[in-house]
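Enquirer: Data: coords_32.cif, mmCIF, C-alpha atoms.
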```cif
data_model
loop_
_atom_site.label_atom_id
_atom_site.label_comp_id
_atom_site.auth_asym_id
_atom_site.auth_seq_id
_atom_site.Cartn_x
_atom_site.Cartn_y
_atom_site.Cartn_z
CA MET A 1 -21.69 -8.23 -2.28
CA ALA A 2 -18.53 -7.91 -4.32
CA ALA A 3 -17.57 -4.43 -5.38
CA ALA A 4 -15.58 -3.59 -8.47
CA VAL A 5 -12.63 -2.02 -6.71
CA VAL A 6 -9.93 -1.29 -9.22
CA ALA A 7 -6.56 -2.72 -8.34
CA GLU A 8 -4.00 -0.15 -7.25
CA GLY A 9 -2.24 1.24 -10.28
CA ALA A 10 -4.72 -0.23 -12.73
CA GLY A 11 -7.12 2.70 -12.83
CA ASP A 12 -7.88 4.45 -16.10
CA VAL A 13 -8.22 7.89 -14.53
CA GLY A 14 -4.70 8.80 -15.46
CA ASP A 15 -1.31 7.69 -14.29
CA LYS A 16 -0.33 10.72 -12.26
CA SER A 17 2.65 9.10 -10.63
CA VAL A 18 5.53 11.38 -9.77
CA ASN A 19 8.62 9.34 -10.59
CA GLY A 20 9.99 6.10 -11.99
CA PHE A 21 8.67 4.23 -8.99
CA LYS A 22 5.12 5.31 -9.87
CA ASP A 23 4.63 6.95 -6.49
CA ARG A 24 1.65 9.22 -5.96
CA VAL A 25 1.28 12.10 -3.52
CA GLY A 26 -2.12 13.46 -2.61
CA LEU A 27 -4.41 14.96 -0.06
CA GLY A 28 -7.33 13.98 2.15
CA TRP A 29 -10.64 15.37 0.93
CA ARG A 30 -12.33 17.71 3.41
CA PRO A 31 -15.27 19.98 2.49
CA ALA A 32 -13.24 23.05 3.50
CA LEU A 33 -10.52 22.02 1.04
CA ALA A 34 -12.82 21.19 -1.87
CA ALA A 35 -12.25 24.36 -3.89
CA GLY A 36 -8.48 24.16 -3.43
CA ILE A 37 -8.36 20.50 -4.40
CA LEU A 38 -10.56 20.89 -7.47
CA SER A 39 -8.56 23.84 -8.77
CA ASN A 40 -5.21 22.10 -8.21
CA LEU A 41 -5.82 18.59 -9.49
CA ASP A 42 -2.73 18.93 -11.67
CA LYS A 43 -0.64 19.09 -8.49
CA ILE A 44 -2.51 16.37 -6.56
CA ASP A 45 -1.99 12.80 -7.76
CA ILE A 46 -4.69 11.16 -5.65
CA VAL A 47 -7.46 12.16 -3.25
CA GLU A 48 -8.38 10.21 -0.15
CA VAL A 49 -12.04 10.40 0.89
CA ILE A 50 -13.47 9.43 4.28
CA ALA A 51 -15.83 6.62 3.31
CA ASP A 52 -18.08 6.96 6.36
CA ASP A 53 -19.05 10.50 5.32
CA PHE A 54 -20.75 9.02 2.25
CA PHE A 55 -22.46 5.90 3.58
CA ASP A 56 -25.76 7.70 4.08
CA ALA A 57 -25.06 10.69 1.87
CA PRO A 58 -27.79 12.06 -0.39
CA ARG A 59 -27.70 11.10 -4.04
CA HIS A 60 -26.18 14.36 -5.25
CA LYS A 61 -23.21 13.99 -2.90
CA ARG A 62 -22.60 10.45 -4.10
CA ARG A 63 -22.80 11.73 -7.66
CA ALA A 64 -20.23 14.42 -6.88
CA LEU A 65 -17.91 11.79 -5.45
CA ARG A 66 -18.30 9.64 -8.56
CA THR A 67 -17.47 12.68 -10.68
CA LEU A 68 -14.35 13.32 -8.61
CA ALA A 69 -13.31 9.66 -8.99
CA ALA A 70 -13.74 9.95 -12.75
CA GLN A 71 -11.36 12.93 -12.80
CA THR A 72 -8.61 11.76 -10.48
CA PRO A 73 -7.65 8.61 -8.57
CA VAL A 74 -9.67 8.32 -5.37
CA THR A 75 -9.01 6.05 -2.41
CA LEU A 76 -11.68 5.43 0.22
CA HIS A 77 -10.71 5.50 3.90
CA GLY A 78 -12.90 3.94 6.60
CA VAL A 79 -12.86 5.05 10.21
CA SER A 80 -15.51 3.06 12.03
CA LEU A 81 -15.38 -0.61 11.10
CA GLY A 82 -13.30 -1.56 14.14
CA LEU A 83 -11.50 -4.39 12.35
CA ALA A 84 -8.79 -5.02 14.95
CA SER A 85 -10.99 -6.62 17.54
CA SER A 86 -11.72 -10.05 18.89
CA VAL A 87 -15.35 -9.22 18.06
CA ALA A 88 -16.66 -9.85 14.54
CA VAL A 89 -17.25 -6.72 12.48
CA HIS A 90 -20.91 -6.04 11.67
CA SER A 91 -21.96 -7.22 8.21
CA LYS A 92 -24.10 -4.12 7.82
CA ARG A 93 -21.06 -1.88 8.11
CA LEU A 94 -19.15 -3.96 5.57
CA ASP A 95 -22.15 -3.88 3.23
CA GLN A 96 -22.10 -0.08 3.38
CA MET A 97 -18.43 -0.06 2.43
CA ALA A 98 -19.08 -2.59 -0.36
CA ARG A 99 -21.89 -0.46 -1.81
CA LEU A 100 -19.78 2.69 -1.72
CA CYS A 101 -16.83 0.93 -3.36
CA ALA A 102 -19.11 -0.45 -6.08
CA ASP A 103 -20.52 3.01 -6.65
CA VAL A 104 -17.28 5.01 -6.64
CA VAL A 105 -14.78 2.42 -7.92
CA PRO A 106 -11.80 3.72 -5.92
CA VAL A 107 -8.24 2.63 -6.66
CA SER A 108 -8.11 1.16 -3.14
CA TRP A 109 -9.79 1.27 0.25
CA SER A 110 -8.40 1.24 3.75
CA GLU A 111 -9.29 0.93 7.42
CA HIS A 112 -7.53 1.18 10.76
CA LEU A 113 -6.14 -1.53 12.96
CA ALA A 114 -8.29 -0.29 15.80
CA PHE A 115 -11.30 -1.16 17.88
CA VAL A 116 -14.00 1.48 18.12
CA ARG A 117 -16.62 -0.19 20.30
CA GLY A 118 -16.81 -2.76 23.06
CA GLY A 119 -19.97 -4.43 24.22
CA SER A 120 -22.68 -1.81 23.86
CA VAL A 121 -20.27 1.10 24.22
CA GLU A 122 -19.23 3.20 21.22
CA ILE A 123 -15.84 4.72 21.96
CA GLY A 124 -16.39 7.36 19.32
CA HIS A 125 -12.87 7.21 17.98
CA LEU A 126 -10.08 4.82 17.09
CA ALA A 127 -8.59 2.95 20.03
CA ALA A 128 -5.60 0.64 20.03
CA PRO A 129 -6.74 -2.81 21.16
CA PRO A 130 -4.72 -5.06 23.47
CA ARG A 131 -1.91 -6.46 21.33
CA THR A 132 -2.54 -10.15 21.84
CA ALA A 133 -3.11 -13.37 19.91
CA ALA A 134 -6.87 -12.85 20.36
CA THR A 135 -6.92 -9.48 18.62
CA THR A 136 -4.49 -10.68 15.96
CA ASP A 137 -6.78 -13.63 15.18
CA GLY A 138 -9.85 -11.40 15.40
CA ALA A 139 -8.34 -8.89 13.00
CA LEU A 140 -7.40 -11.63 10.53
CA ALA A 141 -10.94 -13.02 10.61
CA ASN A 142 -12.44 -9.56 10.18
CA LEU A 143 -10.10 -8.70 7.31
CA ASP A 144 -11.03 -11.94 5.58
CA ARG A 145 -14.74 -11.08 5.87
CA ALA A 146 -14.09 -7.53 4.73
CA MET A 147 -12.28 -8.78 1.66
CA THR A 148 -15.07 -11.21 0.83
CA ILE A 149 -17.90 -8.72 1.26
CA VAL A 150 -16.24 -5.66 -0.26
CA GLY A 151 -14.53 -7.59 -3.02
CA ALA A 152 -11.02 -6.27 -2.39
CA ALA A 153 -8.62 -6.38 0.53
CA PRO A 154 -8.36 -3.18 2.53
CA GLN A 155 -5.07 -1.54 3.26
CA VAL A 156 -4.67 -1.54 7.03
CA GLU A 157 -3.40 1.41 9.02
CA ASN A 158 -1.42 1.53 12.27
CA VAL A 159 -3.04 3.88 14.78
CA ALA A 160 -1.72 6.46 17.22
CA THR A 161 -2.48 5.87 20.87
CA LEU A 162 -2.10 8.03 23.97
CA ILE A 163 -2.30 4.98 26.21
CA ASP A 164 -0.07 1.95 26.14
CA PRO A 165 -2.82 -0.58 25.32
CA PRO A 166 -3.63 -2.50 28.52
CA GLY A 167 -3.44 -6.28 28.41
CA SER A 168 -0.89 -6.36 25.58
CA ASP A 169 1.66 -9.16 25.48
CA ARG A 170 3.60 -8.07 22.40
CA ASP A 171 4.95 -4.86 20.93
CA GLU A 172 3.30 -2.88 18.15
CA ALA A 173 5.77 -3.83 15.40
CA THR A 174 5.20 -7.54 16.08
CA TRP A 175 1.41 -7.13 16.23
CA VAL A 176 1.15 -5.08 13.02
CA SER A 177 3.59 -7.31 11.13
CA ASP A 178 1.75 -10.47 12.17
CA ILE A 179 -1.56 -9.09 10.90
CA VAL A 180 -0.13 -7.89 7.60
CA SER A 181 1.82 -11.11 7.06
CA GLY A 182 -1.15 -13.28 8.02
CA SER A 183 -3.59 -11.51 5.72
CA ARG A 184 -3.72 -10.43 2.10
CA CYS A 185 -3.89 -6.81 3.20
CA ASP A 186 -1.18 -4.29 2.50
CA LEU A 187 -0.07 -1.74 5.05
CA LEU A 188 -1.06 1.91 5.11
CA LEU A 189 1.75 3.15 7.30
CA ASP A 190 0.80 6.34 9.11
CA LEU A 191 4.13 7.95 9.81
CA HIS A 192 2.84 10.55 12.24
CA ASN A 193 1.08 7.82 14.22
CA LEU A 194 4.36 5.95 14.29
CA HIS A 195 6.29 9.11 15.22
CA ALA A 196 3.85 9.87 18.07
CA ASN A 197 3.84 6.33 19.46
CA ALA A 198 7.63 6.18 19.27
CA LEU A 199 7.98 9.43 21.24
CA ASN A 200 5.24 8.55 23.72
CA PHE A 201 6.42 5.03 24.46
CA GLY A 202 10.15 5.26 23.86
CA PHE A 203 11.06 3.22 20.84
CA ASN A 204 12.98 3.94 17.65
CA PRO A 205 10.64 4.47 14.69
CA ARG A 206 13.36 3.41 12.25
CA ASP A 207 13.71 0.07 14.02
CA PHE A 208 9.92 -0.27 13.78
CA ILE A 209 10.04 0.34 10.01
CA ALA A 210 12.90 -2.15 9.65
CA ARG A 211 10.76 -4.85 11.26
CA LEU A 212 7.83 -4.40 8.88
CA PRO A 213 7.47 -6.48 5.71
CA ALA A 214 8.73 -3.67 3.46
CA GLU A 215 7.15 -4.92 0.24
CA ARG A 216 3.73 -4.89 1.90
CA ILE A 217 3.84 -1.15 2.54
CA ALA A 218 1.54 0.33 -0.11
CA ALA A 219 0.48 3.67 1.31
CA ILE A 220 1.61 6.36 3.72
CA HIS A 221 -0.21 8.94 5.82
CA LEU A 222 1.42 12.18 6.86
CA ALA A 223 0.03 14.58 9.47
CA GLY A 224 0.97 16.75 12.40
CA GLY A 225 0.10 16.94 16.06
CA LYS A 226 0.73 18.72 19.35
CA TRP A 227 2.02 17.97 22.81
CA ILE A 228 -0.60 17.62 25.55
CA GLY A 229 -0.48 16.95 29.29
CA GLU A 230 1.67 18.15 32.14
CA HIS A 231 5.39 18.76 31.96
CA GLY A 232 7.17 15.46 32.58
CA THR A 233 4.25 13.34 31.46
CA ARG A 234 3.49 14.99 28.13
CA ARG A 235 2.38 12.96 25.15
CA LEU A 236 2.21 13.80 21.47
CA LEU A 237 -1.37 13.86 20.19
CA ASP A 238 -1.95 13.04 16.52
CA ASP A 239 -4.57 15.73 15.91
CA HIS A 240 -4.23 16.41 12.17
CA LEU A 241 -4.40 20.12 12.98
CA HIS A 242 -0.73 20.96 12.52
CA ASP A 243 1.87 20.90 9.76
CA VAL A 244 3.93 17.79 9.12
CA PRO A 245 7.11 17.88 11.24
CA ASP A 246 10.51 17.35 9.59
CA SER A 247 11.06 14.10 11.49
CA VAL A 248 8.02 12.62 9.73
CA TYR A 249 9.37 13.60 6.31
CA ASP A 250 12.62 11.87 7.36
CA LEU A 251 10.66 8.70 8.08
CA LEU A 252 9.12 8.95 4.61
CA THR A 253 12.63 9.03 3.16
CA GLU A 254 13.41 5.94 5.24
CA VAL A 255 10.39 4.03 3.90
CA GLY A 256 11.15 5.13 0.33
CA SER A 257 14.63 3.67 0.66
CA ARG A 258 13.33 0.28 1.82
CA THR A 259 10.81 -0.77 -0.80
CA ARG A 260 10.64 -0.70 -4.57
CA ARG A 261 6.90 -0.82 -4.42
CA PRO A 262 4.93 2.22 -5.65
CA LEU A 263 3.78 4.26 -2.67
CA THR A 264 0.67 6.38 -2.31
CA VAL A 265 1.33 9.23 0.12
CA ILE A 266 -1.61 11.14 1.60
CA LEU A 267 -1.41 14.34 3.63
CA GLU A 268 -4.18 14.42 6.27
CA ARG A 269 -5.40 17.75 7.58
CA ASP A 270 -8.67 17.93 9.53
CA GLY A 271 -8.85 21.57 10.65
CA ASP A 272 -7.01 24.81 11.49
CA PHE A 273 -6.43 24.87 7.76
CA PRO A 274 -3.49 26.90 6.51
CA SER A 275 -3.56 28.46 3.04
CA PHE A 276 -3.92 25.94 0.24
CA ASP A 277 -0.47 26.96 -0.97
CA CYS A 278 0.88 25.81 2.39
CA LEU A 279 -0.75 22.39 1.89
CA LEU A 280 0.67 22.20 -1.64
CA TYR A 281 4.08 23.08 -0.19
CA GLN A 282 3.77 20.14 2.23
CA LEU A 283 2.90 17.85 -0.69
CA GLU A 284 6.02 19.10 -2.42
CA GLN A 285 8.07 18.43 0.70
CA ALA A 286 6.66 14.89 0.72
CA ARG A 287 7.66 14.38 -2.92
CA LYS A 288 11.18 15.54 -2.16
CA ALA A 289 11.47 13.38 0.95
CA LEU A 290 10.27 10.34 -0.96
CA GLU A 291 12.60 11.14 -3.84
CA ARG A 292 15.56 11.20 -1.43
CA GLY A 293 14.62 7.71 -0.29
CA ARG A 294 14.23 6.50 -3.86
CA GLU A 295 17.65 7.88 -4.77
CA ARG A 296 19.19 6.11 -1.80
CA LEU A 297 17.53 2.87 -2.88
CA SER A 298 18.73 3.26 -6.46
CA ASN A 299 22.28 4.06 -5.34
CA GLU A 300 22.38 1.03 -3.05
CA SER A 301 21.13 -1.18 -5.89
CA GLU A 302 23.84 0.15 -8.21
CA GLU A 303 26.50 -0.44 -5.57
CA GLU A 304 25.27 -4.00 -5.05
CA ALA A 305 25.30 -4.61 -8.79
CA ALA A 306 28.84 -3.24 -9.07
CA ALA A 307 30.14 -5.31 -6.14
CA MET B 1 -13.80 -14.05 30.84
CA SER B 2 -12.92 -13.49 27.22
CA ALA B 3 -11.14 -11.05 24.96
CA PRO B 4 -14.45 -9.42 23.90
CA SER B 5 -15.33 -8.79 27.55
CA PHE B 6 -11.91 -7.29 28.17
CA GLU B 7 -12.39 -4.97 25.18
CA ALA B 8 -15.86 -4.06 26.47
CA PHE B 9 -14.41 -3.14 29.86
CA LEU B 10 -11.73 -1.00 28.20
CA ALA B 11 -14.37 0.79 26.15
CA LYS B 12 -16.29 1.66 29.35
CA LEU B 13 -13.08 2.77 31.02
CA TYR B 14 -12.29 5.11 28.15
CA VAL B 15 -15.68 6.81 27.88
CA ASP B 16 -17.34 6.60 31.31
CA GLU B 17 -15.93 8.99 33.91
CA GLY B 18 -17.65 7.24 36.80
CA VAL B 19 -16.37 3.80 35.84
CA ARG B 20 -12.91 5.28 35.38
CA ALA B 21 -12.88 7.02 38.77
CA ARG B 22 -14.00 3.86 40.60
CA PHE B 23 -11.47 1.80 38.70
CA LEU B 24 -8.56 4.14 39.40
CA ALA B 25 -9.41 4.14 43.10
CA ASN B 26 -9.39 0.36 43.25
CA PRO B 27 -8.32 -1.24 39.96
CA ARG B 28 -8.12 -4.93 40.87
CA ASP B 29 -11.42 -5.04 42.76
CA GLU B 30 -13.31 -3.09 40.10
CA ALA B 31 -11.94 -5.30 37.33
CA VAL B 32 -12.89 -8.48 39.19
CA LYS B 33 -16.29 -7.00 40.02
CA ALA B 34 -16.77 -6.46 36.28
CA GLY B 35 -16.19 -10.17 35.73
CA LEU B 36 -12.59 -10.10 34.54
CA THR B 37 -10.17 -12.87 35.53
CA THR B 38 -7.49 -12.36 38.16
CA GLU B 39 -4.90 -12.28 35.38
CA GLU B 40 -6.83 -9.63 33.46
CA ALA B 41 -7.37 -7.62 36.65
CA GLU B 42 -3.65 -7.80 37.30
CA ALA B 43 -2.92 -6.53 33.79
CA LEU B 44 -5.27 -3.62 34.37
CA ALA B 45 -3.79 -2.82 37.79
CA SER B 46 -0.59 -1.76 36.05
CA ILE B 47 -2.47 0.37 33.52
CA ASP B 48 -0.77 3.40 32.01
CA ARG B 49 -2.62 5.97 34.18
CA VAL B 50 -1.23 9.05 32.45
CA GLY B 51 -2.24 7.65 29.09
CA LEU B 52 -5.68 6.67 30.34
CA GLU B 53 -6.46 10.19 31.57
CA LEU B 54 -5.11 11.85 28.43
CA MET B 55 -6.98 9.47 26.18
CA ALA B 56 -10.24 9.93 28.08
CA LYS B 57 -9.90 13.72 27.83
CA SER B 58 -9.09 13.51 24.12
CA LEU B 59 -12.12 11.29 23.46
CA GLU B 60 -14.34 13.63 25.45
CA ARG B 61 -13.16 16.61 23.37
CA LYS B 62 -13.86 14.70 20.16
CA ARG B 63 -17.37 13.81 21.34
CA GLN B 64 -18.03 17.45 22.26
CA ARG B 65 -16.91 18.60 18.81
CA ARG B 66 -19.39 16.23 17.20
CA LEU B 67 -22.35 17.60 19.21
CA PRO B 68 -23.82 20.57 17.31
CA ASN B 69 -24.75 22.55 20.44
CA ALA B 70 -21.83 21.52 22.58
CA ALA B 71 -19.76 24.12 24.35
CA ALA B 72 -16.39 24.76 22.75
#
```
Go through the file and emit its structure as C-alpha cells.
Expert:
Amino acid sequence: MAAAVVAEGAGDVGDKSVNGFKDRVGLGWRPALAAGILSNLDKIDIVEVIADDFFDAPRHKRRALRTLAAQTPVTLHGVSLGLASSVAVHSKRLDQMARLCADVVPVSWSEHLAFVRGGSVEIGHLAAPPRTAATTDGALANLDRAMTIVGAAPQVENVATLIDPPGSDRDEATWVSDIVSGSRCDLLLDLHNLHANALNFGFNPRDFIARLPAERIAAIHLAGGKWIGEHGTRRLLDDHLHDVPDSVYDLLTEVGSRTRRPLTVILERDGDFPSFDCLLYQLEQARKALERGRERLSNESEEEAAA
Amino acid sequence: MSAPSFEAFLAKLYVDEGVRARFLANPRDEAVKAGLTTEEAEALASIDRVGLELMAKSLERKRQRRLPNAAA
C-alpha cells in the first residue's frame, strides 16, 4: 500500500517557516496540550503526532487528526515498529502506518532506530540494539520495506539508552551514520538523546554531530530529563518530563551551523506539564538557538566567499 | 546462534527479573544455557551492569504507568 505522504516542504497547509532557511519549530501533540496547541497555532509551525495512538482510533479521532493536518503541518511519529533489528518488521505494523499516512497526509513520518521486541518478548519501550553489522543490515532492510509499504521514507531517530548496548562492535556515531548513508532515510536527530548518551557514556556530542552526514539531518527533537541512580553511577534519563536544558539548545545551534537544509524542530513533553506559556517560551528559545547557528553558517559562508 | 536470538535474549534480560538475577549471578553459564555462542556469552559477561539495572527499573516503571490499576 503506497500512501500519499507529502514531501517535506511541499505541503499546501501554509509555509510557516521561521527564517530564510525555511526552518520550522513546533510541538508534540499530547491530549493534555490540545487546547493550548489549537489556540496558539500562529506560534507553532508544525505539530508532531504519535502515530501509534491513532492506529486503532475511532473514526471521530481520525477525523479530528485530519482536520488538524488541514490546518497546520503535521508529522507522524512512530514508536513501536522496531526498525533497527536483525528481525524483519511485521508487515501488519507497516500497513497500519501506511493507512494512517494515506488518511492524514502528513508532511513526513518518522521512527526510531531501536528494537522493541525480541523473540516473543515485548520490551514495552525503545531499546538500543547491539551496534553491529547485523543490526545495520537489518535496519536497512526494514527501512527499505517501510519505504515501499508506506510510500515514503521515514526519518530515523537516534535513541537514548541507559545501558551501553551489549554485543556492540562499533560506536553510535558510526552505526547511525552507516544506516542513514546506506538508506534513503533522513535523520531525525534527538538532541536530548544525544546529550544523555554523551554524558552517560563519556563522549563529546559535538564530535558526534561532526561525524554525521550533515545534509541528511532533516529534523530535531528537543526534550529534558533527570538524573537517576546512585551517586557515582548516576545516569541521565531522557524522560520528557523536564524543561530543555541550555546545553541542548547549544547543540541545536551547532546543528544549525552545519547544514543549509531546512530543519524541523519539535519540542517533546510527555507529562508534568508546565504552563503553555512556558512551552511557548521553550519554542522561542529553540528559534533563537537555531537562528544563532544559521547566523554562524551565513557568516562563515560570507568569509569563505570573501577569501 | 544468530543476531535475532541475541536480541531475544537481551529482551528477556531487560524485562524478566528472574532471568536477569540468574544471569547476573552467572553470566557466561546462563548465556550459554540460553543457546548463545561462547563469543556472545563473553560479550554479555562484560555487560554494563549499572546500565542494565537502571534500564530494567525504567522499563518496569513505564509498564506500571501503562497499567490502569497499577500502583503509582
Enquirer: Residues of chain B were defined as contacting chain A if any atom lay at most 12 Å from it, counting only C-alpha atoms; please report them as a PyMOL selection string.
Expert: chain B and resi 2-16+36-37+39-67
Enquirer: Would you translate the PyMOL selection byres ((chain A and resi 172-175) around 9) into the concrete set of residues it matches in this file, as a PyMOL selection string?
Expert: chain A and resi 131-133+135-136+158+170-171+176-180+207-209+211-212
Enquirer: Write out as a list in words which residues come within 8 Å of region 60-72 of chain A when counting all atoms listed in the file, dropping same-chain ones fewer than 6 positions away.
Expert: Val13, Gly14, Leu41, Asp45, Ile46, Val47, Phe54, Asp103, Val104, Val105 and Pro106 of chain A
Enquirer: Which residue is closest to Asn40 (chain A)? Choose from A:Asp277, A:Glu111, A:Asp95, A:Asp137 and count all atoms listed in the file.
Expert: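 Checking each of A:Asp277, A:Glu111, A:Asp95, A:Asp137 against Asn40 (chain A), counting all atoms listed in the file, the winner is A:Asp277.
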Enquirer: Tell me which protein, DNA and RNA residues are within 10 Å of Asp238 (chain A), counting only C-alpha atoms, leaving out same-chain ones fewer than 2 positions away, and put them as a list in words.
Expert: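 Surrounding residues, per the criterion: Val159, Ala160, Thr161, Leu162, His192, Asn193, Leu194, His195, Ala196, Asn197, Ala223, Gly224, Gly225, Lys226, Trp227, Arg235, Leu236, His240, Leu241 and His242 of chain A.
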Enquirer: Those residues with C-alpha atoms, as a tab-separated table (two decimals), in the coordinates of the input please?
Expert:
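Everything below was put into selection_2.tsv:
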```tsv
chain	number	residue	atom	x	y	z
A	159	VAL	CA	-3.04	3.88	14.78
A	160	ALA	CA	-1.72	6.46	17.22
A	161	THR	CA	-2.48	5.87	20.87
A	162	LEU	CA	-2.10	8.03	23.97
A	192	HIS	CA	2.84	10.55	12.24
A	193	ASN	CA	1.08	7.82	14.22
A	194	LEU	CA	4.36	5.95	14.29
A	195	HIS	CA	6.29	9.11	15.22
A	196	ALA	CA	3.85	9.87	18.07
A	197	ASN	CA	3.84	6.33	19.46
A	223	ALA	CA	0.03	14.58	9.47
A	224	GLY	CA	0.97	16.75	12.40
A	225	GLY	CA	0.10	16.94	16.06
A	226	LYS	CA	0.73	18.72	19.35
A	227	TRP	CA	2.02	17.97	22.81
A	235	ARG	CA	2.38	12.96	25.15
A	236	LEU	CA	2.21	13.80	21.47
A	240	HIS	CA	-4.23	16.41	12.17
A	241	LEU	CA	-4.40	20.12	12.98
A	242	HIS	CA	-0.73	20.96	12.52
```
Enquirer: What is the CA of Gly151 (chain A) to CA of Arg216 (chain A) distance in Å?
Expert: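 CA of Arg216 (chain A) lies 19.1 Å from CA of Gly151 (chain A).
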Enquirer: Closest to Ala218 (chain A) among A:Trp109, A:Ala139, A:Ser275, A:Lys92, using only C-alpha atoms?
Expert: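 Distance minimum relative to Ala218 (chain A) lands on A:Trp109.
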Enquirer: Would you pick out the contacts of Glu157 (chain A) at 9 Å or less, using all atoms listed in the file, so that residues sharing its chain but fewer than 5 positions from it are not included, and give the list as JSON, numbers by chain?
Expert: {"A": [110, 111, 112, 113, 114, 176, 186, 187, 188, 189, 190, 219, 220, 221]}
Enquirer: Please, which residues in region 161-250 of chain A fall within 12 Å of region 287-293 of chain A when counting all atoms listed in the file, and what is the closest atom pair and distance in Å to one decimal for each, ordered by chain then residue number, as JSON lines?
Expert:
```
{"residue": "A:Ile220", "atom": "CA", "partner": "A:Leu290", "partner_atom": "CA", "distance": 10.6}
{"residue": "A:Leu222", "atom": "CA", "partner": "A:Ala289", "partner_atom": "CA", "distance": 11.7}
{"residue": "A:Val244", "atom": "CA", "partner": "A:Ala289", "partner_atom": "CA", "distance": 12.0}
{"residue": "A:Asp246", "atom": "CA", "partner": "A:Ala289", "partner_atom": "CA", "distance": 9.6}
{"residue": "A:Ser247", "atom": "CA", "partner": "A:Ala289", "partner_atom": "CA", "distance": 10.6}
{"residue": "A:Val248", "atom": "CA", "partner": "A:Ala289", "partner_atom": "CA", "distance": 9.5}
{"residue": "A:Tyr249", "atom": "CA", "partner": "A:Ala289", "partner_atom": "CA", "distance": 5.8}
{"residue": "A:Asp250", "atom": "CA", "partner": "A:Ala289", "partner_atom": "CA", "distance": 6.7}
```
Enquirer: Can you spell out as a ChimeraX atom specification the set of residues that the PyMOL selection byres ((chain A and resi 32) around 12) selects in the structure I just provided?
Expert: /A:28-31,33-38,269-276
Enquirer: For the atom pair CA of Asn299 (chain A) and CA of Ile217 (chain A), what is the interatomic distance in Å to one decimal place?
Expert: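 Atom-to-atom, CA of Asn299 (chain A) to CA of Ile217 (chain A), that is 20.7 Å.
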Enquirer: Provide the CA of Leu252 (chain A) to CA of Arg294 (chain A) distance in Å, to one decimal place.
Expert: 10.2 Å
Enquirer: With N, CA and C atoms as the atom set, please write region 41-53 of chain B from the structure just given, as a tab-separated table (two decimals), in the first residue's frame.
Expert:
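So decode_28.tsv came out as:
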```tsv
chain	number	residue	atom	x	y	z
B	41	ALA	N	28.42	-15.08	24.71
B	41	ALA	CA	28.40	-15.16	26.17
B	41	ALA	C	29.49	-14.29	26.76
B	42	GLU	N	30.62	-14.24	26.08
B	42	GLU	CA	31.74	-13.43	26.54
B	42	GLU	C	31.36	-11.94	26.48
B	43	ALA	N	30.70	-11.57	25.38
B	43	ALA	CA	30.27	-10.18	25.24
B	43	ALA	C	29.30	-9.80	26.36
B	44	LEU	N	28.45	-10.74	26.72
B	44	LEU	CA	27.46	-10.45	27.78
B	44	LEU	C	28.08	-10.46	29.16
B	45	ALA	N	29.18	-11.20	29.31
B	45	ALA	CA	29.83	-11.27	30.64
B	45	ALA	C	30.34	-9.89	31.06
B	46	SER	N	30.69	-9.08	30.06
B	46	SER	CA	31.20	-7.74	30.39
B	46	SER	C	30.09	-6.69	30.27
B	47	ILE	N	28.86	-7.13	30.47
B	47	ILE	CA	27.72	-6.21	30.31
B	47	ILE	C	27.82	-5.03	31.28
B	48	ASP	N	27.28	-3.94	30.86
B	48	ASP	CA	27.19	-2.71	31.66
B	48	ASP	C	26.12	-2.96	32.75
B	49	ARG	N	26.57	-3.42	33.93
B	49	ARG	CA	25.63	-3.85	34.98
B	49	ARG	C	24.81	-2.69	35.55
B	50	VAL	N	25.47	-1.54	35.71
B	50	VAL	CA	24.74	-0.37	36.22
B	50	VAL	C	23.63	-0.01	35.24
B	51	GLY	N	23.98	0.03	33.98
B	51	GLY	CA	23.01	0.38	32.95
B	51	GLY	C	21.88	-0.62	32.87
B	52	LEU	N	22.22	-1.90	33.01
B	52	LEU	CA	21.20	-2.95	32.94
B	52	LEU	C	20.16	-2.76	34.04
B	53	GLU	N	20.61	-2.53	35.26
B	53	GLU	CA	19.69	-2.37	36.38
B	53	GLU	C	18.83	-1.11	36.21
```
